[in-house]
Every structure is written in C-alpha cells, then in structure tokens.
Amino acid sequence: MSGRILALLKRDLLRLLLGARGGGALLPVLFFLSVAMLYPFAVGPDAPLLARTGGGVIWVAALLAAILPLDRLVEPDLEMGQFDQWALRGISEELVIAVRVLAHWLSFGPPLMLAALPAAALLGLEGHTLLTVEIGLLAGTPGLAALGVTVAALTAGLRGGAALAGLLVIPMAVPVLIFGAGSLGAGGESGLALAAAASLVLLALAPFAGGAAVRAARN
Amino acid sequence: MQGASIAIDDLACRRGDRLLFRGLSLRLRAGEALRVVGRNGIGKSSLLRIVAGLAPPFAGKVNAEGAIGLVDERPALDPARTLGEALAFWRQIDGAGERNGDLGRLGLEALLDVPVRYLSTGQKKRAALARLLGQEAGIWLLDEPLNGLDTHAAALAEALTAEHCAAGGIALIASHQPFALPGMATLALSDYTT
C-alpha cells in the first residue's frame, strides 16, 4: 500500500510542479511576486504604510495564488478515467484526495514561503513581521491546499468549474485569512494558533468531502 | 486469475429517468467470454460500469469475484507525460514488473518516449491494453475495444483476449463490431429493454 501512496504522490507532484501547459508551480509564485511588486506602485512609496499593510498584502496574494492551479487538481483525472482505474484497484477516492492535498500543498506552500522573502523586501517588512508571516503561511497554507482540493473536486465536471471554484474558495478561506493576517497585529500571536486550527479542520474534512464529490461526479 | 466469476441477478439499469434494461441475469465462469451487443445508448457501457462497481445498479445484484480490469474510451494515461512514464506509473500501482514482451507485441516500444497527447486514438487504445495486461486482472471489461484499432491491432486484441480466457480469465466485451473469439457467447441487450 505504501508503494502505491508513494507512486501517487510522485505522479501528483510531477504533474503539479512541472505541469507543462499549466505553468506548473512557477505560475502561482510569479503571480504572488507580481502582486507584491505592484502594491507599492499602487499605494505610493510610503515606507511606514507599506510596512504596516505589507503583511496583509502577502496574505491576500498567497490566497489568490493558491487558487490558480485549482482546475488542474481533480478535473483532468476524472475526465481521463484515472479515478475509475484507481477505484477498480481498490484505491479509495479518499486516499487519492488526501495524497493530492499533500502534493498540492508541497507544490505551492513552500514555494510561496520562499517567495515571501523577496516579497517582504519589496514591501519593506521588518524581520519580526516577516517571521510572523512565514509562520502564519506555514500554519495557513495547508488549510488553503485542503480547501482548494475539496472545492476542485466539488466543481469538477461542471461547466465553468474553474471560475466557480475560485469564487467558492474565497469566502471559505476567509477564516484562515483573518487569523493568519490578524496574527500580524500587536498581541496577535494567538491568531497563528487559530489559523493552524482552521487548517487542521479543513485538512480533516478534505479527504471525505473530496472523495464523496468525486464519487458523485462519476455518475 | 483462477476462480474468477461474474454472477448477475435480475439486474436493472436506469440512466436519468429512463430504464435502459431490466431482468438481466447471467453467469460467467473462469475461461468464458461474453459479447454484449445492442444499438447505441442501449446501456452496454452502463452494464460494464455496473459490473465494475463504478455505477450502482437500479435493481438486482452483481457479484464479481476476482480483480477487474477495464478498458474504455478513456486511456487513463497522463497526456503530458511520455508513454513510458505513464505506463510505469500503472506498473508501480499494480506492483507489476517490466513486460517488454507485451510492449513489443502491441507495437509500443518505439513510442515510449512520445508524450501521450501526441498518440493517435489507436495507439492510445493499444497503450490501454498494455496497462490492462500489466494489471493481471482475472476479469476483463472491454468497452468497444476495437475502436480506432487497425486490422492488425484488432486481430492482436482478439488474440490477447483469447489467451486471457484460455488462462482462466473472464472477458465481458461491449462492442458493435465483430469480435472474433472462440467459444464466445453473445448477449443482445435489446431482449431486456422495456
């Protein structure tokens, strides 16, 4: 069984990191960096303002960047019959979705955390703010990954599913955003714990909700 | 592969609000093959998906003993990866070894470096057959297996199915094209429509 899980994870990672035509993992990172680059142009070179609001901008950019790969997460496998073949081999939809959440997070979470370093420099964030942002992203992005895969499974096979998925993720990601970005304020450390808690809830639900959605989409 | 069997009792299938067929009962034992025929939309593919456990029956019972392999119009091979990588993925999932003999027979050896999206319909179908062989399943469900195959490849698909049945496997074939297989029975789904 563990060999199968590793094979699934390797395939998902290759597909999400290098996905030839979707831009792979580079696209969310570039999107994230361009938001961080555009924001100072839009609000002007007011260093204290940038430093005060920059952390929140990074959070919004991270959330939006996580939406970009949604249409590649579940739909192609449903369309190409992969889920049917896994089901025939006794590999449950829940397991596939759980592996996919991990692969999706690996393909955008750590890259965004790395990209947050140049983004913080562009926005003039201080060291301790950057540290809080990084810890917050570590706590919050797994939840965003779980949410993304769940919504991608729910909207797979629908017309305009990709756009719908983006719209559905945004309101459901609000708790993670509030706690994550809220941790940047004074005395906001408890926000990190709450962001992590929201992540854990989403991670626990994702395999079951996503698996049920895939089975429903098959009929 | 030994001990494979399919038992279908009083099966009915509904798509949307239409009852496609009902009262279908049949038994398939090791080494037997059955071809399901009928006009388009009569429920041949639905029958195969119910037997595979991928769709629920509207009524009745299906009991399939043995691993099930399915080949339908979707090859389940990643379009962006090369044929070799895509087949290697399924070999890992199935825990199967390299089967170069099969690839050679199916004429796929020269295509292993080609991304799946560049393959023709017939080449993808042959790749799906290679995936099926690697699975070593006792029950083969073949949905229009000859679609897109040239005469040579079609004869090869028939020969592979004959070998599979001779080795104690079961083949359930939905096809409106003639499928030459010794000892194969034919089931007309139109006998079970309402």
# chains A, B, ... in the order shown; residues from 1 in each chain; ligands from 1
>>> residues_around(residues="Gly69 (chain B)", least_positions_apart="6", cutoff="12 Å", atoms="only C-alpha atoms", output="PyMOL selection string")
(chain A and resi 84-90) or (chain B and resi 1+48-49+51-54+94+128-143+164+169-173)
>>> write_last_selection(atoms="C-alpha atoms", output="CSV table (one decimal), in the first residue's frame")
chain,number,residue,atom,x,y,z
A,84,ASP,CA,-12.2,4.8,-12.3
A,85,GLN,CA,-8.9,2.8,-12.7
A,86,TRP,CA,-7.9,3.6,-9.1
A,87,ALA,CA,-11.3,2.5,-7.8
A,88,LEU,CA,-11.0,-0.8,-9.7
A,89,ARG,CA,-7.7,-1.4,-7.9
A,90,GLY,CA,-9.3,-0.8,-4.5
B,1,MET,CA,-6.5,-15.4,-12.2
B,48,LEU,CA,-19.9,-2.8,-17.8
B,49,ARG,CA,-19.6,0.1,-15.3
B,51,VAL,CA,-20.2,-4.9,-13.2
B,52,ALA,CA,-17.1,-2.9,-12.4
B,53,GLY,CA,-18.8,-1.4,-9.3
B,54,LEU,CA,-18.3,2.1,-10.7
B,94,ASP,CA,-0.2,-2.7,-9.9
B,128,ALA,CA,-4.6,1.0,-22.6
B,129,LEU,CA,-4.3,-2.7,-23.5
B,130,ALA,CA,-0.7,-2.7,-22.2
B,131,ARG,CA,-1.9,-1.2,-19.0
B,132,LEU,CA,-4.6,-3.9,-18.8
B,133,LEU,CA,-2.1,-6.7,-19.3
B,134,GLY,CA,0.1,-5.4,-16.6
B,135,GLN,CA,-2.8,-5.4,-14.2
B,136,GLU,CA,-3.1,-9.2,-14.4
B,137,ALA,CA,-6.8,-8.9,-13.5
B,138,GLY,CA,-9.0,-12.0,-13.8
B,139,ILE,CA,-11.9,-10.2,-15.3
B,140,TRP,CA,-11.6,-8.0,-18.4
B,141,LEU,CA,-14.3,-5.5,-19.1
B,142,LEU,CA,-13.7,-4.2,-22.6
B,143,ASP,CA,-15.8,-1.3,-23.8
B,164,HIS,CA,-6.6,-14.3,-21.3
B,169,GLY,CA,-9.8,-15.3,-17.2
B,170,ILE,CA,-13.2,-13.8,-18.0
B,171,ALA,CA,-13.9,-11.3,-20.7
B,172,LEU,CA,-17.0,-9.2,-20.9
B,173,ILE,CA,-17.0,-7.3,-24.2
>>> closest_atom_pairs(of="chain B", to="chain A", cutoff="9 Å", atoms="only C-alpha atoms", output="tab-separated table")
residue	atom	partner	partner_atom	distance
B:Ala52	CA	A:Leu88	CA	6.9
B:Gly53	CA	A:Leu88	CA	7.8
B:Leu54	CA	A:Asp84	CA	6.9
B:Ala55	CA	A:Asn219	CA	6.4
B:Pro56	CA	A:Asn219	CA	8.6
B:Ala67	CA	A:Arg89	CA	7.5
B:Ile68	CA	A:Leu88	CA	6.2
B:Gly69	CA	A:Leu88	CA	7.0
B:Leu70	CA	A:Gln85	CA	7.3
B:Asp72	CA	A:Gly81	CA	8.6
B:Glu73	CA	A:Gly81	CA	8.8
B:Arg74	CA	A:Met80	CA	5.4
B:Pro75	CA	A:Met80	CA	6.6
B:Ala76	CA	A:Gln82	CA	4.8
B:Leu77	CA	A:Met80	CA	7.2
B:Asp78	CA	A:Met80	CA	8.0
B:Pro79	CA	A:Met80	CA	9.0
B:Ala80	CA	A:Ala20	CA	6.7
B:Arg81	CA	A:Arg15	CA	8.5
B:Phe89	CA	A:Ala7	CA	6.7
B:Trp90	CA	A:Ala7	CA	8.8
B:Gln92	CA	A:Ala7	CA	6.4
B:Ile93	CA	A:Arg4	CA	5.1
B:Asp94	CA	A:Arg89	CA	7.9
B:Gly95	CA	A:Arg4	CA	8.3
B:Gln135	CA	A:Arg89	CA	8.9
>>> select_by_dssp(residues="region 30-179 of chain B", states="strand (DSSP E)", output="ChimeraX atom specification")
/B:33-37,59-65,68-71,139-143,170-174
>>> residues_around(residues="Pro142 (chain A)", least_positions_apart="2", cutoff="10 Å", atoms="only C-alpha atoms", output="list in words")
Val101, Leu102, His104, Trp105, Leu106, Phe108, Gly109, Leu137, Leu138, Ala139, Gly140, Leu144, Ala145, Ala146, Leu147, Gly148, Ala196, Ala198, Ser199, Leu200, Leu202 and Leu203 of chain A
>>> residues_around(residues="region 185-191 of chain B", least_positions_apart="5", cutoff="12 Å", atoms="only C-alpha atoms", output="PyMOL selection string")
chain B and resi 11-13+20-28+31-47+170-176+178-180
>>> residues_around(residues="region 113-115 of chain A", least_positions_apart="4", cutoff="10 Å", atoms="only C-alpha atoms", output="ChimeraX atom specification")
/A:29-30,32-33,36,58,62,108-109,119-120,133-138,141
>>> write_last_selection(atoms="N, CA and C atoms", output="CSV table (one decimal), in the first residue's frame")
chain,number,residue,atom,x,y,z
A,29,VAL,N,3.8,31.3,-8.0
A,29,VAL,CA,4.9,32.1,-7.4
A,29,VAL,C,5.0,33.4,-8.1
A,30,LEU,N,5.0,33.4,-9.4
A,30,LEU,CA,5.2,34.6,-10.1
A,30,LEU,C,4.0,35.6,-9.9
A,32,PHE,N,2.2,35.7,-7.2
A,32,PHE,CA,2.4,36.2,-5.8
A,32,PHE,C,3.4,37.3,-5.8
A,33,LEU,N,4.5,37.1,-6.5
A,33,LEU,CA,5.6,38.2,-6.5
A,33,LEU,C,5.1,39.4,-7.3
A,36,ALA,N,3.1,41.5,-5.0
A,36,ALA,CA,3.9,42.2,-4.0
A,36,ALA,C,4.7,43.4,-4.7
A,58,ILE,N,0.6,40.3,1.6
A,58,ILE,CA,1.2,39.0,1.3
A,58,ILE,C,0.2,37.9,1.5
A,62,ALA,N,-1.1,35.4,-1.3
A,62,ALA,CA,-0.9,33.9,-1.2
A,62,ALA,C,-2.3,33.2,-1.4
A,108,PHE,N,2.8,24.4,-3.8
A,108,PHE,CA,2.6,25.9,-3.7
A,108,PHE,C,3.0,26.5,-2.3
A,109,GLY,N,2.8,25.7,-1.2
A,109,GLY,CA,3.1,26.2,0.1
A,109,GLY,C,4.6,26.6,0.3
A,119,ALA,N,9.3,39.1,-1.5
A,119,ALA,CA,8.1,40.0,-1.3
A,119,ALA,C,8.2,40.9,-0.1
A,120,ALA,N,8.8,40.4,1.0
A,120,ALA,CA,8.9,41.2,2.2
A,120,ALA,C,9.9,42.3,2.0
A,133,VAL,N,4.8,36.3,9.4
A,133,VAL,CA,4.2,36.0,8.1
A,133,VAL,C,4.6,34.5,7.7
A,134,GLU,N,5.8,34.2,7.9
A,134,GLU,CA,6.3,32.9,7.5
A,134,GLU,C,5.6,31.8,8.3
A,135,ILE,N,5.6,32.0,9.6
A,135,ILE,CA,4.9,31.0,10.5
A,135,ILE,C,3.5,30.9,10.2
A,136,GLY,N,2.9,32.1,9.9
A,136,GLY,CA,1.4,32.1,9.6
A,136,GLY,C,1.2,31.3,8.3
A,137,LEU,N,2.1,31.5,7.3
A,137,LEU,CA,1.9,30.8,6.0
A,137,LEU,C,2.0,29.3,6.2
A,138,LEU,N,3.0,28.9,7.1
A,138,LEU,CA,3.2,27.5,7.4
A,138,LEU,C,1.9,26.9,8.0
A,141,THR,N,-1.3,27.7,4.9
A,141,THR,CA,-1.3,27.2,3.6
A,141,THR,C,-1.8,25.7,3.5
>>> closest_residue(among="A:Ser34, A:Ser190, A:Thr129, A:Ser183", to="Gly54 (chain A)", atoms="only C-alpha atoms")
A:Thr129
>>> select_by_dssp(residues="chain B", states="helix (DSSP H, G or I)", output="PyMOL selection string")
chain B and resi 44-52+83-94+100-105+109-111+116-118+121-135+151-166+189-192
>>> residues_around(residues="Leu149 (chain B)", least_positions_apart="3", cutoff="12 Å", atoms="only C-alpha atoms", output="PDB file with N, CA and C atoms, in the first residue's frame")
ATOM      1  N   LEU B 106       2.468  -5.255 -28.803  1.00  0.00           N
ATOM      2  CA  LEU B 106       1.495  -4.200 -29.085  1.00  0.00           C
ATOM      3  C   LEU B 106       2.096  -3.088 -29.943  1.00  0.00           C
ATOM      4  N   SER B 120      -2.029   8.639 -31.404  1.00  0.00           N
ATOM      5  CA  SER B 120      -3.314   8.567 -32.100  1.00  0.00           C
ATOM      6  C   SER B 120      -4.300   7.753 -31.266  1.00  0.00           C
ATOM      7  N   THR B 121      -5.561   7.768 -31.695  1.00  0.00           N
ATOM      8  CA  THR B 121      -6.591   7.022 -30.970  1.00  0.00           C
ATOM      9  C   THR B 121      -6.208   5.550 -30.830  1.00  0.00           C
ATOM     10  N   GLY B 122      -5.774   4.961 -31.929  1.00  0.00           N
ATOM     11  CA  GLY B 122      -5.441   3.548 -31.916  1.00  0.00           C
ATOM     12  C   GLY B 122      -4.230   3.260 -31.050  1.00  0.00           C
ATOM     13  N   GLN B 123      -3.257   4.182 -31.096  1.00  0.00           N
ATOM     14  CA  GLN B 123      -2.064   3.980 -30.256  1.00  0.00           C
ATOM     15  C   GLN B 123      -2.423   4.064 -28.778  1.00  0.00           C
ATOM     16  N   LYS B 124      -3.325   5.010 -28.434  1.00  0.00           N
ATOM     17  CA  LYS B 124      -3.758   5.116 -27.037  1.00  0.00           C
ATOM     18  C   LYS B 124      -4.491   3.846 -26.612  1.00  0.00           C
ATOM     19  N   LYS B 125      -5.307   3.301 -27.525  1.00  0.00           N
ATOM     20  CA  LYS B 125      -6.044   2.078 -27.213  1.00  0.00           C
ATOM     21  C   LYS B 125      -5.062   0.938 -26.967  1.00  0.00           C
ATOM     22  N   ARG B 126      -4.014   0.865 -27.796  1.00  0.00           N
ATOM     23  CA  ARG B 126      -3.020  -0.191 -27.577  1.00  0.00           C
ATOM     24  C   ARG B 126      -2.308   0.009 -26.243  1.00  0.00           C
ATOM     25  N   ALA B 127      -2.038   1.287 -25.888  1.00  0.00           N
ATOM     26  CA  ALA B 127      -1.394   1.567 -24.600  1.00  0.00           C
ATOM     27  C   ALA B 127      -2.307   1.142 -23.453  1.00  0.00           C
ATOM     28  N   ALA B 128      -3.625   1.376 -23.622  1.00  0.00           N
ATOM     29  CA  ALA B 128      -4.569   0.970 -22.570  1.00  0.00           C
ATOM     30  C   ALA B 128      -4.560  -0.559 -22.432  1.00  0.00           C
ATOM     31  N   LEU B 129      -4.403  -1.274 -23.551  1.00  0.00           N
ATOM     32  CA  LEU B 129      -4.321  -2.736 -23.479  1.00  0.00           C
ATOM     33  C   LEU B 129      -3.055  -3.163 -22.740  1.00  0.00           C
ATOM     34  N   GLU B 144     -15.954  -1.313 -26.239  1.00  0.00           N
ATOM     35  CA  GLU B 144     -15.562  -1.003 -27.612  1.00  0.00           C
ATOM     36  C   GLU B 144     -14.041  -1.127 -27.787  1.00  0.00           C
ATOM     37  N   PRO B 145     -13.499  -2.320 -27.530  1.00  0.00           N
ATOM     38  CA  PRO B 145     -12.030  -2.443 -27.538  1.00  0.00           C
ATOM     39  C   PRO B 145     -11.406  -2.258 -28.923  1.00  0.00           C
ATOM     40  N   LEU B 146     -12.206  -2.404 -29.968  1.00  0.00           N
ATOM     41  CA  LEU B 146     -11.609  -2.341 -31.309  1.00  0.00           C
ATOM     42  C   LEU B 146     -11.691  -0.950 -31.924  1.00  0.00           C
ATOM     43  N   HIS B 152      -4.591  -5.133 -38.071  1.00  0.00           N
ATOM     44  CA  HIS B 152      -3.559  -5.919 -37.398  1.00  0.00           C
ATOM     45  C   HIS B 152      -3.737  -5.832 -35.874  1.00  0.00           C
ATOM     46  N   ALA B 153      -3.912  -4.604 -35.373  1.00  0.00           N
ATOM     47  CA  ALA B 153      -4.045  -4.414 -33.925  1.00  0.00           C
ATOM     48  C   ALA B 153      -5.344  -5.032 -33.417  1.00  0.00           C
ATOM     49  N   ALA B 154      -6.407  -4.985 -34.238  1.00  0.00           N
ATOM     50  CA  ALA B 154      -7.674  -5.590 -33.824  1.00  0.00           C
ATOM     51  C   ALA B 154      -7.498  -7.098 -33.660  1.00  0.00           C
ATOM     52  N   ALA B 155      -6.800  -7.717 -34.616  1.00  0.00           N
ATOM     53  CA  ALA B 155      -6.557  -9.157 -34.512  1.00  0.00           C
ATOM     54  C   ALA B 155      -5.725  -9.463 -33.271  1.00  0.00           C
ATOM     55  N   LEU B 156      -4.794  -8.563 -32.969  1.00  0.00           N
ATOM     56  CA  LEU B 156      -3.956  -8.750 -31.786  1.00  0.00           C
ATOM     57  C   LEU B 156      -4.793  -8.656 -30.507  1.00  0.00           C
ATOM     58  N   ALA B 157      -5.708  -7.668 -30.466  1.00  0.00           N
ATOM     59  CA  ALA B 157      -6.580  -7.525 -29.290  1.00  0.00           C
ATOM     60  C   ALA B 157      -7.409  -8.787 -29.108  1.00  0.00           C
ATOM     61  N   GLU B 158      -7.900  -9.338 -30.224  1.00  0.00           N
ATOM     62  CA  GLU B 158      -8.689 -10.573 -30.135  1.00  0.00           C
ATOM     63  C   GLU B 158      -7.835 -11.732 -29.640  1.00  0.00           C
ATOM     64  N   GLN B 177     -18.816  -3.929 -33.129  1.00  0.00           N
ATOM     65  CA  GLN B 177     -18.028  -4.515 -34.208  1.00  0.00           C
ATOM     66  C   GLN B 177     -17.861  -6.004 -33.939  1.00  0.00           C
TER      67      GLN B 177
END
>>> atom_distance(atom1="CA of Lys61 (chain B)", atom2="CA of Gly16 (chain B)")
19.7 Å
>>> atom_distance(atom1="CA of Gly185 (chain A)", atom2="CA of Leu167 (chain A)")
27.5 Å
